[in-house]
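*Asks:* Quick one: the structure is below, and I'll ask about it shortly.
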Amino acid sequence: MMRQPKEILNQLLRVVLHAAMPEGKMEHFLPKTPPKGKTIVLGAGKAAASMAAELERVYPFPIEGMVITRYDHGVPTKHIKVIEASHPIPDSKGQEAAKSLYEYAKSATADDLVIFLASGGASALMSLPCEGISLEDKKVITKQLLACGAPIDEMNVVRKHLSAIKGGRLAQAAAPAKVITFAISDVVGDDLSVIGSGATVPDPSTFADVRRILKKYKIQLPEAAANLLATVTEKDETPKALSNIESHLIVTPYEAFKATEKAAEEMGLNVLFLGDSITGEARHVAAMHAGIVRHIKQNNEPIAKPALLLSGGETTVTINSEGGRGGRNTEFLLSLAIELNGLDNVYAIACDTDGIDGSEDNAGAIITPDTLTRADQQGVSAAQYLAKNDAYSFFSELGDLVITTPSRTNINDFRAILIL
């Protein structure tokens with residue numbers, strides 16, 4: 001007998017999160033002999049603490065160092081110090097920790113090995129503004145980028161060029177020491193220069209790209225940042241080549257989704273995997289998914305029922321109303337519920353795999369065929385909540401939020417739609 005729909009969706013979420021953890025993913029790439037000098041471990045991101053703990057477990061030689069992770073994302077470690085800081089808006093604790101990371105890297109010698117642990121969230125957590133720009137300036141710019149709907153690759157182009165540590169500058173500071181990067185990808189295309197703003201890999205973007213992005217989204221720069229962009233020269237560019245680096249992607253969204261697809265098939269579901277690279281406004285992505293769901297319902301193709309529509313990537317939300325609560329996954333689901341309009345035997349879950357959708361305490365939510373009916377019975381208007389970008393409050397009223405606590409990993413959006 002098939003499990004209950006909500007149970008199936010929650011189990012699939014557990015599968016994808018397990019597949020996205022760092023356990024068992026680094027040992028194969030580690031050097032077999034110790035360096036002549038020290039092994040220094042640095043890192044930043046939502047998975048930084050769990051990666052540090054796993055590295056301590058499998059690395060057979062002495063290590064030291066520090067990593068920065070989001071508040072409440074720490075885990076116990078023996079040799080690697082874990083600092084918690086703010087995300088997605090940077091704070092002074094993250095700035096001080098980033099300064100320490102940078103100094104640690106600069107202290108490395110040719111006999112030392114630097115291991116850098118990179119994961120999503122590092123851009124905000126490792127905030128070290130370049131000379132002349134304050135942390136408050138970075139906050140002003142970050143808030144505008146988050147609100148305008150810019151995708152993460154464009155956000156990180158701006159962040160890298162206003163930073164003293166991102167865009168390859170941390171590896172540059174560590175030279176001539178060898179730098180090995182282990183990364184968990186949370187970005188479409190798994191581009192190492194985008195993951196956490198690529199602190200230890202070359203940066204192909206330029207200040208010209210920064211100006212184009214700022215103009216595109218009409219970002220209002222603080223005076224110091226505007227002055228910097230007006231006076232920079234080629235020598236101020238991020239490094240375009242680095243000779244002291246080695247990089248390994250230890251977890252990709254594709255691998256985690258394929259594990260989930262296999263688990264769903266073992267449950268007796270026919271799976272249509274749309275890929276891990278879907279981007280765009282959350283409500284537009286919802287409309288596309290709804291169209292595919294209706295086609296499967298009506299025609300029993302391209303897969304037969306019981307079916308699972310599976311997808312990942314990173315949607316965006318352009319905020320049109322002040323005071324709304326929620327993130328891109330709950331906005332996707334609220335839009336999907338409106339698009340499906342009570343279509344029978346269709347259930348869906350959408351969650352951010354870091355356990356936090358936007359800046360709230362939920363990972364995402366679940367919708368059922370009676371989502372809109374239950375909302376009407378409680379006097380809750382789905383359309384009004386969507387217009388206010390307030391999907392969190394909508395699903396909170398219905399008791400349909402998914403709260404997982406921090407997962408300590410991150411491969412971005414997870415969406416699963418069950419069609420029975």
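In the structure tokens, chains take letters A, B, ... by order of appearance, with residues numbered from 1 within each chain and ligands from 1 in the order shown.
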Going by DSSP on the backbone, which bits of region 66-217 of chain A are strand (DSSP E)? Write them as a VMD selection string, please.

*Replies:* chain A and resid 66 to 70 80 to 85 113 to 118 178 to 184

*Asks:* Write out as an NGL selection string the residues lying within 8 Å of Glu64 (chain A), counting only C-alpha atoms and excluding same-chain residues fewer than 6 positions away.

*Replies:* :A and (38-41 or 79-80)

*Asks:* Which of these residues is nearest to Ser92 (chain A), using only C-alpha atoms: A:Gly65, A:Pro5, A:Pro60, A:Pro129?

*Replies:*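 Using only C-alpha atoms, the shortest distance to Ser92 (chain A) belongs to A:Pro129.
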
*Asks:* Give me the residues within 12 Å of Lys46 (chain A) as a PDB file with N, CA and C atoms, in the first residue's frame, counting only C-alpha atoms and dropping any in the same chain fewer than 3 places off.

*Replies:*
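Saved result, result34.pdb, follows:
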```pdb
ATOM      1  N   MET A  21      24.492  16.044   2.306  1.00  0.00           N
ATOM      2  CA  MET A  21      25.426  16.227   3.413  1.00  0.00           C
ATOM      3  C   MET A  21      26.864  15.872   2.994  1.00  0.00           C
ATOM      4  N   PRO A  22      27.856  16.412   3.694  1.00  0.00           N
ATOM      5  CA  PRO A  22      29.257  16.191   3.282  1.00  0.00           C
ATOM      6  C   PRO A  22      29.845  14.852   3.693  1.00  0.00           C
ATOM      7  N   GLY A  43      37.023  28.352   5.946  1.00  0.00           N
ATOM      8  CA  GLY A  43      35.785  28.089   5.219  1.00  0.00           C
ATOM      9  C   GLY A  43      34.676  29.016   5.625  1.00  0.00           C
ATOM     10  N   ALA A  49      30.290  24.343   9.050  1.00  0.00           N
ATOM     11  CA  ALA A  49      30.551  23.616  10.297  1.00  0.00           C
ATOM     12  C   ALA A  49      30.457  22.106  10.095  1.00  0.00           C
ATOM     13  N   SER A  50      29.441  21.655   9.363  1.00  0.00           N
ATOM     14  CA  SER A  50      29.310  20.214   9.123  1.00  0.00           C
ATOM     15  C   SER A  50      30.455  19.708   8.261  1.00  0.00           C
ATOM     16  N   MET A  51      30.920  20.519   7.319  1.00  0.00           N
ATOM     17  CA  MET A  51      32.069  20.136   6.505  1.00  0.00           C
ATOM     18  C   MET A  51      33.340  20.073   7.351  1.00  0.00           C
ATOM     19  N   ALA A  52      33.486  21.025   8.270  1.00  0.00           N
ATOM     20  CA  ALA A  52      34.662  21.030   9.143  1.00  0.00           C
ATOM     21  C   ALA A  52      34.680  19.796  10.035  1.00  0.00           C
ATOM     22  N   VAL A  67      36.177  28.382  10.589  1.00  0.00           N
ATOM     23  CA  VAL A  67      35.159  28.537   9.548  1.00  0.00           C
ATOM     24  C   VAL A  67      34.048  29.435  10.082  1.00  0.00           C
ATOM     25  N   ILE A  68      33.296  30.022   9.147  1.00  0.00           N
ATOM     26  CA  ILE A  68      32.173  30.898   9.505  1.00  0.00           C
ATOM     27  C   ILE A  68      30.890  30.284   8.968  1.00  0.00           C
ATOM     28  N   THR A  69      29.888  30.174   9.822  1.00  0.00           N
ATOM     29  CA  THR A  69      28.592  29.665   9.395  1.00  0.00           C
ATOM     30  C   THR A  69      27.483  30.548   9.937  1.00  0.00           C
ATOM     31  N   ARG A  70      26.280  30.263   9.530  1.00  0.00           N
ATOM     32  CA  ARG A  70      25.124  31.070   9.946  1.00  0.00           C
ATOM     33  C   ARG A  70      24.768  30.771  11.402  1.00  0.00           C
ATOM     34  N   TYR A  71      24.164  31.734  12.066  1.00  0.00           N
ATOM     35  CA  TYR A  71      23.699  31.509  13.438  1.00  0.00           C
ATOM     36  C   TYR A  71      22.860  30.228  13.502  1.00  0.00           C
ATOM     37  N   ASP A  72      23.121  29.422  14.539  1.00  0.00           N
ATOM     38  CA  ASP A  72      22.414  28.158  14.809  1.00  0.00           C
ATOM     39  C   ASP A  72      22.796  27.042  13.839  1.00  0.00           C
ATOM     40  N   HIS A  73      23.846  27.237  13.023  1.00  0.00           N
ATOM     41  CA  HIS A  73      24.273  26.205  12.086  1.00  0.00           C
ATOM     42  C   HIS A  73      25.567  25.519  12.535  1.00  0.00           C
ATOM     43  N   GLY A  74      26.050  25.834  13.720  1.00  0.00           N
ATOM     44  CA  GLY A  74      27.291  25.250  14.199  1.00  0.00           C
ATOM     45  C   GLY A  74      27.126  23.810  14.663  1.00  0.00           C
ATOM     46  N   VAL A  75      28.223  23.059  14.649  1.00  0.00           N
ATOM     47  CA  VAL A  75      28.290  21.711  15.215  1.00  0.00           C
ATOM     48  C   VAL A  75      29.598  21.613  15.986  1.00  0.00           C
ATOM     49  N   VAL A  82      34.639  27.328  15.052  1.00  0.00           N
ATOM     50  CA  VAL A  82      33.425  27.666  14.305  1.00  0.00           C
ATOM     51  C   VAL A  82      32.870  28.991  14.820  1.00  0.00           C
ATOM     52  N   ILE A  83      32.756  29.970  13.925  1.00  0.00           N
ATOM     53  CA  ILE A  83      32.187  31.275  14.248  1.00  0.00           C
ATOM     54  C   ILE A  83      30.826  31.382  13.565  1.00  0.00           C
ATOM     55  N   GLU A  84      29.818  31.835  14.292  1.00  0.00           N
ATOM     56  CA  GLU A  84      28.486  32.021  13.710  1.00  0.00           C
ATOM     57  C   GLU A  84      28.237  33.509  13.470  1.00  0.00           C
ATOM     58  N   ALA A  85      27.613  33.812  12.324  1.00  0.00           N
ATOM     59  CA  ALA A  85      27.362  35.202  11.939  1.00  0.00           C
ATOM     60  C   ALA A  85      26.027  35.298  11.208  1.00  0.00           C
ATOM     61  N   SER A  86      25.717  36.482  10.724  1.00  0.00           N
ATOM     62  CA  SER A  86      24.396  36.754  10.151  1.00  0.00           C
ATOM     63  C   SER A  86      24.336  36.466   8.652  1.00  0.00           C
ATOM     64  N   HIS A  87      23.165  36.004   8.225  1.00  0.00           N
ATOM     65  CA  HIS A  87      22.855  35.764   6.808  1.00  0.00           C
ATOM     66  C   HIS A  87      21.344  35.987   6.633  1.00  0.00           C
ATOM     67  N   PRO A  88      20.860  36.628   5.575  1.00  0.00           N
ATOM     68  CA  PRO A  88      21.588  37.059   4.373  1.00  0.00           C
ATOM     69  C   PRO A  88      22.188  38.466   4.462  1.00  0.00           C
ATOM     70  N   LEU A 117      36.716  25.333   2.757  1.00  0.00           N
ATOM     71  CA  LEU A 117      35.412  24.662   2.715  1.00  0.00           C
ATOM     72  C   LEU A 117      34.357  25.682   2.301  1.00  0.00           C
ATOM     73  N   ALA A 118      33.816  25.530   1.095  1.00  0.00           N
ATOM     74  CA  ALA A 118      32.905  26.530   0.526  1.00  0.00           C
ATOM     75  C   ALA A 118      31.502  25.961   0.375  1.00  0.00           C
ATOM     76  N   SER A 119      30.517  26.768   0.738  1.00  0.00           N
ATOM     77  CA  SER A 119      29.122  26.385   0.528  1.00  0.00           C
ATOM     78  C   SER A 119      28.272  27.645   0.452  1.00  0.00           C
ATOM     79  N   GLY A 120      27.040  27.479   0.034  1.00  0.00           N
ATOM     80  CA  GLY A 120      26.152  28.615  -0.119  1.00  0.00           C
ATOM     81  C   GLY A 120      25.999  29.411   1.162  1.00  0.00           C
ATOM     82  N   GLY A 121      25.901  30.720   1.024  1.00  0.00           N
ATOM     83  CA  GLY A 121      25.790  31.600   2.180  1.00  0.00           C
ATOM     84  C   GLY A 121      27.085  32.291   2.529  1.00  0.00           C
ATOM     85  N   ALA A 122      28.197  31.814   1.947  1.00  0.00           N
ATOM     86  CA  ALA A 122      29.501  32.379   2.293  1.00  0.00           C
ATOM     87  C   ALA A 122      29.606  33.853   1.935  1.00  0.00           C
ATOM     88  N   SER A 123      28.909  34.287   0.895  1.00  0.00           N
ATOM     89  CA  SER A 123      29.018  35.689   0.470  1.00  0.00           C
ATOM     90  C   SER A 123      28.634  36.651   1.586  1.00  0.00           C
ATOM     91  N   ALA A 124      27.523  36.371   2.254  1.00  0.00           N
ATOM     92  CA  ALA A 124      27.078  37.246   3.341  1.00  0.00           C
ATOM     93  C   ALA A 124      27.862  37.002   4.621  1.00  0.00           C
ATOM     94  N   LEU A 125      28.192  35.739   4.881  1.00  0.00           N
ATOM     95  CA  LEU A 125      28.853  35.395   6.145  1.00  0.00           C
ATOM     96  C   LEU A 125      30.294  35.871   6.197  1.00  0.00           C
ATOM     97  N   MET A 126      30.930  35.961   5.042  1.00  0.00           N
ATOM     98  CA  MET A 126      32.347  36.311   4.956  1.00  0.00           C
ATOM     99  C   MET A 126      32.469  37.714   4.365  1.00  0.00           C
ATOM    100  N   ALA A 183      33.824  22.089  -2.212  1.00  0.00           N
ATOM    101  CA  ALA A 183      32.617  22.913  -2.327  1.00  0.00           C
ATOM    102  C   ALA A 183      31.353  22.067  -2.415  1.00  0.00           C
ATOM    103  N   ILE A 184      30.309  22.528  -1.741  1.00  0.00           N
ATOM    104  CA  ILE A 184      28.950  22.017  -1.917  1.00  0.00           C
ATOM    105  C   ILE A 184      28.216  23.064  -2.747  1.00  0.00           C
ATOM    106  N   SER A 185      27.720  22.657  -3.899  1.00  0.00           N
ATOM    107  CA  SER A 185      27.137  23.621  -4.835  1.00  0.00           C
ATOM    108  C   SER A 185      25.684  23.944  -4.489  1.00  0.00           C
ATOM    109  N   ASP A 186      25.388  25.231  -4.466  1.00  0.00           N
ATOM    110  CA  ASP A 186      24.003  25.689  -4.313  1.00  0.00           C
ATOM    111  C   ASP A 186      23.612  26.587  -5.482  1.00  0.00           C
ATOM    112  N   ILE A 195      29.754  30.005  -6.308  1.00  0.00           N
ATOM    113  CA  ILE A 195      29.470  29.418  -4.992  1.00  0.00           C
ATOM    114  C   ILE A 195      30.171  30.237  -3.916  1.00  0.00           C
ATOM    115  N   GLY A 196      29.388  30.879  -3.057  1.00  0.00           N
ATOM    116  CA  GLY A 196      29.981  31.683  -1.991  1.00  0.00           C
ATOM    117  C   GLY A 196      30.866  32.805  -2.490  1.00  0.00           C
ATOM    118  N   THR A 353      16.767  23.853   0.823  1.00  0.00           N
ATOM    119  CA  THR A 353      17.458  22.743   1.462  1.00  0.00           C
ATOM    120  C   THR A 353      18.351  23.157   2.625  1.00  0.00           C
ATOM    121  N   ASP A 354      18.547  24.469   2.843  1.00  0.00           N
ATOM    122  CA  ASP A 354      19.289  24.871   4.042  1.00  0.00           C
ATOM    123  C   ASP A 354      18.399  24.902   5.275  1.00  0.00           C
ATOM    124  N   GLY A 355      17.084  24.694   5.087  1.00  0.00           N
ATOM    125  CA  GLY A 355      16.148  24.680   6.205  1.00  0.00           C
ATOM    126  C   GLY A 355      15.527  26.024   6.496  1.00  0.00           C
ATOM    127  N   ILE A 356      15.874  27.048   5.709  1.00  0.00           N
ATOM    128  CA  ILE A 356      15.366  28.394   5.950  1.00  0.00           C
ATOM    129  C   ILE A 356      14.954  29.016   4.626  1.00  0.00           C
ATOM    130  N   PRO A 406      17.715  24.107  10.961  1.00  0.00           N
ATOM    131  CA  PRO A 406      18.805  24.202   9.991  1.00  0.00           C
ATOM    132  C   PRO A 406      19.345  22.834   9.590  1.00  0.00           C
ATOM    133  N   SER A 407      19.519  22.622   8.287  1.00  0.00           N
ATOM    134  CA  SER A 407      20.004  21.330   7.790  1.00  0.00           C
ATOM    135  C   SER A 407      21.528  21.241   7.812  1.00  0.00           C
ATOM    136  N   ARG A 408      22.198  22.378   7.849  1.00  0.00           N
ATOM    137  CA  ARG A 408      23.667  22.471   7.804  1.00  0.00           C
ATOM    138  C   ARG A 408      24.246  21.969   6.489  1.00  0.00           C
ATOM    139  N   THR A 409      23.443  22.111   5.440  1.00  0.00           N
ATOM    140  CA  THR A 409      23.918  21.942   4.074  1.00  0.00           C
ATOM    141  C   THR A 409      23.078  22.867   3.212  1.00  0.00           C
ATOM    142  N   ASN A 410      23.308  22.858   1.893  1.00  0.00           N
ATOM    143  CA  ASN A 410      22.520  23.748   1.032  1.00  0.00           C
ATOM    144  C   ASN A 410      22.776  23.427  -0.437  1.00  0.00           C
ATOM    145  N   ILE A 411      21.731  22.930  -1.111  1.00  0.00           N
ATOM    146  CA  ILE A 411      21.808  22.761  -2.563  1.00  0.00           C
ATOM    147  C   ILE A 411      20.662  23.517  -3.239  1.00  0.00           C
ATOM    148  N   ASN A 412      20.090  24.478  -2.521  1.00  0.00           N
ATOM    149  CA  ASN A 412      19.040  25.350  -3.046  1.00  0.00           C
ATOM    150  C   ASN A 412      17.662  24.715  -3.063  1.00  0.00           C
TER     151      ASN A 412
END
```

*Asks:* List the spatial neighbours of His284 (chain A) as an mmCIF file with N, CA and C atoms, in the first residue's frame - criterion: any atom at most 12 Å away, only C-alpha atoms, same-chain residues fewer than 6 positions off excluded.

*Replies:*
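selection11.cif, freshly written:
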```
data_model
loop_
_atom_site.group_PDB
_atom_site.id
_atom_site.type_symbol
_atom_site.label_atom_id
_atom_site.label_comp_id
_atom_site.auth_asym_id
_atom_site.auth_seq_id
_atom_site.Cartn_x
_atom_site.Cartn_y
_atom_site.Cartn_z
ATOM 1 N N ILE A 278 16.451 25.235 -12.760
ATOM 2 C CA ILE A 278 15.316 26.108 -13.079
ATOM 3 C C ILE A 278 15.449 27.427 -12.327
ATOM 4 N N ALA A 290 2.517 24.094 -13.069
ATOM 5 C CA ALA A 290 1.080 23.801 -13.075
ATOM 6 C C ALA A 290 0.633 23.308 -14.451
ATOM 7 N N GLY A 291 1.183 23.892 -15.513
ATOM 8 C CA GLY A 291 0.840 23.461 -16.861
ATOM 9 C C GLY A 291 1.238 22.015 -17.110
ATOM 10 N N THR A 315 14.852 29.956 -7.734
ATOM 11 C CA THR A 315 13.945 30.995 -8.202
ATOM 12 C C THR A 315 14.240 32.298 -7.467
ATOM 13 N N THR A 316 13.591 33.356 -7.909
ATOM 14 C CA THR A 316 13.743 34.667 -7.269
ATOM 15 C C THR A 316 12.370 35.254 -6.995
ATOM 16 N N VAL A 317 12.346 36.234 -6.122
ATOM 17 C CA VAL A 317 11.113 36.961 -5.801
ATOM 18 C C VAL A 317 11.409 38.451 -5.869
ATOM 19 N N THR A 318 10.664 39.152 -6.699
ATOM 20 C CA THR A 318 10.734 40.612 -6.706
ATOM 21 C C THR A 318 9.720 41.116 -5.698
ATOM 22 N N ARG A 328 11.224 32.286 -1.446
ATOM 23 C CA ARG A 328 10.860 31.922 -2.815
ATOM 24 C C ARG A 328 10.092 30.603 -2.891
ATOM 25 N N GLU A 331 6.447 31.240 -1.821
ATOM 26 C CA GLU A 331 5.796 32.009 -2.880
ATOM 27 C C GLU A 331 5.507 31.117 -4.092
ATOM 28 N N PHE A 332 6.417 30.224 -4.415
ATOM 29 C CA PHE A 332 6.160 29.252 -5.482
ATOM 30 C C PHE A 332 4.912 28.435 -5.178
ATOM 31 N N LEU A 333 4.810 27.920 -3.959
ATOM 32 C CA LEU A 333 3.680 27.055 -3.601
ATOM 33 C C LEU A 333 2.353 27.809 -3.576
ATOM 34 N N LEU A 334 2.358 29.025 -3.068
ATOM 35 C CA LEU A 334 1.124 29.808 -3.057
ATOM 36 C C LEU A 334 0.664 30.092 -4.483
ATOM 37 N N SER A 335 1.600 30.422 -5.346
ATOM 38 C CA SER A 335 1.279 30.626 -6.758
ATOM 39 C C SER A 335 0.786 29.344 -7.400
ATOM 40 N N LEU A 336 1.417 28.214 -7.057
ATOM 41 C CA LEU A 336 1.021 26.919 -7.609
ATOM 42 C C LEU A 336 -0.395 26.552 -7.170
ATOM 43 N N ILE A 338 -2.807 28.549 -6.426
ATOM 44 C CA ILE A 338 -3.753 29.392 -7.171
ATOM 45 C C ILE A 338 -3.884 28.883 -8.607
ATOM 46 N N GLU A 339 -2.784 28.515 -9.230
ATOM 47 C CA GLU A 339 -2.801 28.024 -10.608
ATOM 48 C C GLU A 339 -3.569 26.703 -10.718
#
```

*Asks:* So that I can check the surroundings of Phe414 (chain A), please list as a list in words every protein, DNA and RNA residue that reaches within 6 Å of it, counting only C-alpha atoms and ignoring chain neighbours fewer than 3 positions away.

*Replies:*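 The neighbour list is Gly312, Ala350 and Cys351 of chain A.
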
*Asks:* Determine, for each residue of region 255-351 of chain A having at least one atom at most 7 Å from an atom of region 364-371 of chain A, the closest pair of atoms and their separation in Å to one decimal, counting only C-alpha atoms; order by chain and ascending number, as a tab-separated table.

*Replies:*
```
residue	atom	partner	partner_atom	distance
A:Asn329	CA	A:Gly364	CA	5.7
A:Thr330	CA	A:Gly364	CA	5.5
A:Leu333	CA	A:Ile367	CA	6.8
A:Ala337	CA	A:Ile367	CA	6.8
A:Gly342	CA	A:Pro369	CA	4.7
A:Leu343	CA	A:Pro369	CA	5.8
A:Asp344	CA	A:Pro369	CA	5.3
A:Asn345	CA	A:Pro369	CA	6.2
A:Val346	CA	A:Pro369	CA	5.8
A:Tyr347	CA	A:Thr368	CA	4.6
A:Ala348	CA	A:Ile367	CA	5.3
A:Ile349	CA	A:Ile366	CA	4.5
A:Ala350	CA	A:Gly364	CA	5.6
A:Cys351	CA	A:Gly364	CA	4.1
```

*Asks:* Pick out each residue of region 299-330 of chain A that DSSP on the backbone tags as alpha helix (DSSP H); I need them as JSON, numbers by chain.

*Replies:* {"A": [299, 328, 329, 330]}

*Asks:* Print the selection's residues with N, CA and C atoms to a file, as a CSV table (one decimal), in the first residue's frame.

*Replies:*
```csv
chain,number,residue,atom,x,y,z
A,299,ASN,N,-3.7,13.6,-19.7
A,299,ASN,CA,-3.2,12.7,-20.8
A,299,ASN,C,-2.4,11.5,-20.3
A,328,ARG,N,11.2,32.3,-1.4
A,328,ARG,CA,10.9,31.9,-2.8
A,328,ARG,C,10.1,30.6,-2.9
A,329,ASN,N,10.3,29.7,-2.0
A,329,ASN,CA,9.6,28.4,-2.0
A,329,ASN,C,8.2,28.5,-1.6
A,330,THR,N,7.9,29.3,-0.6
A,330,THR,CA,6.5,29.4,-0.2
A,330,THR,C,5.8,30.3,-1.2
```

*Asks:* Near region 209-211 of chain A, counting only C-alpha atoms, which residues have an atom at most 8 Å away, once you skip same-chain residues fewer than 5 positions from it, shown as a VMD selection string?

*Replies:* chain A and resid 157 to 158 161 229

*Asks:* Take the residues that were just selected and, keeping N, CA, C and O atoms, output them as a compact mmCIF listing (two decimals), in the first residue's frame.

*Replies:*
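Saved to result_12.txt:
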```txt
# COMPACT_ATOMS: atom_id res chain seq x y z
N VAL A 157 28.54 38.82 -8.45
CA VAL A 157 29.46 39.66 -9.22
C VAL A 157 29.68 40.98 -8.49
O VAL A 157 30.81 41.46 -8.35
N VAL A 158 28.59 41.56 -8.00
CA VAL A 158 28.69 42.82 -7.25
C VAL A 158 29.45 42.61 -5.95
O VAL A 158 30.37 43.38 -5.61
N HIS A 161 33.33 42.28 -6.21
CA HIS A 161 34.10 43.47 -6.55
C HIS A 161 34.07 44.55 -5.48
O HIS A 161 34.77 45.56 -5.60
N LEU A 229 33.69 52.78 -7.66
CA LEU A 229 33.46 52.33 -9.03
C LEU A 229 33.88 53.38 -10.05
O LEU A 229 34.20 53.04 -11.20
```

*Asks:* Out of A:Ser134, A:Gly198, A:Asp111, A:Glu103, which residue has the shortest atom-to-atom distance to Pro35 (chain A) when counting only C-alpha atoms?

*Replies:*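 Under the stated criterion, the closest residue is A:Asp111.
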
*Asks:* In Å to one decimal, how far is CA of Lys166 (chain A) from CA of Lys143 (chain A)?

*Replies:* 18.6 Å
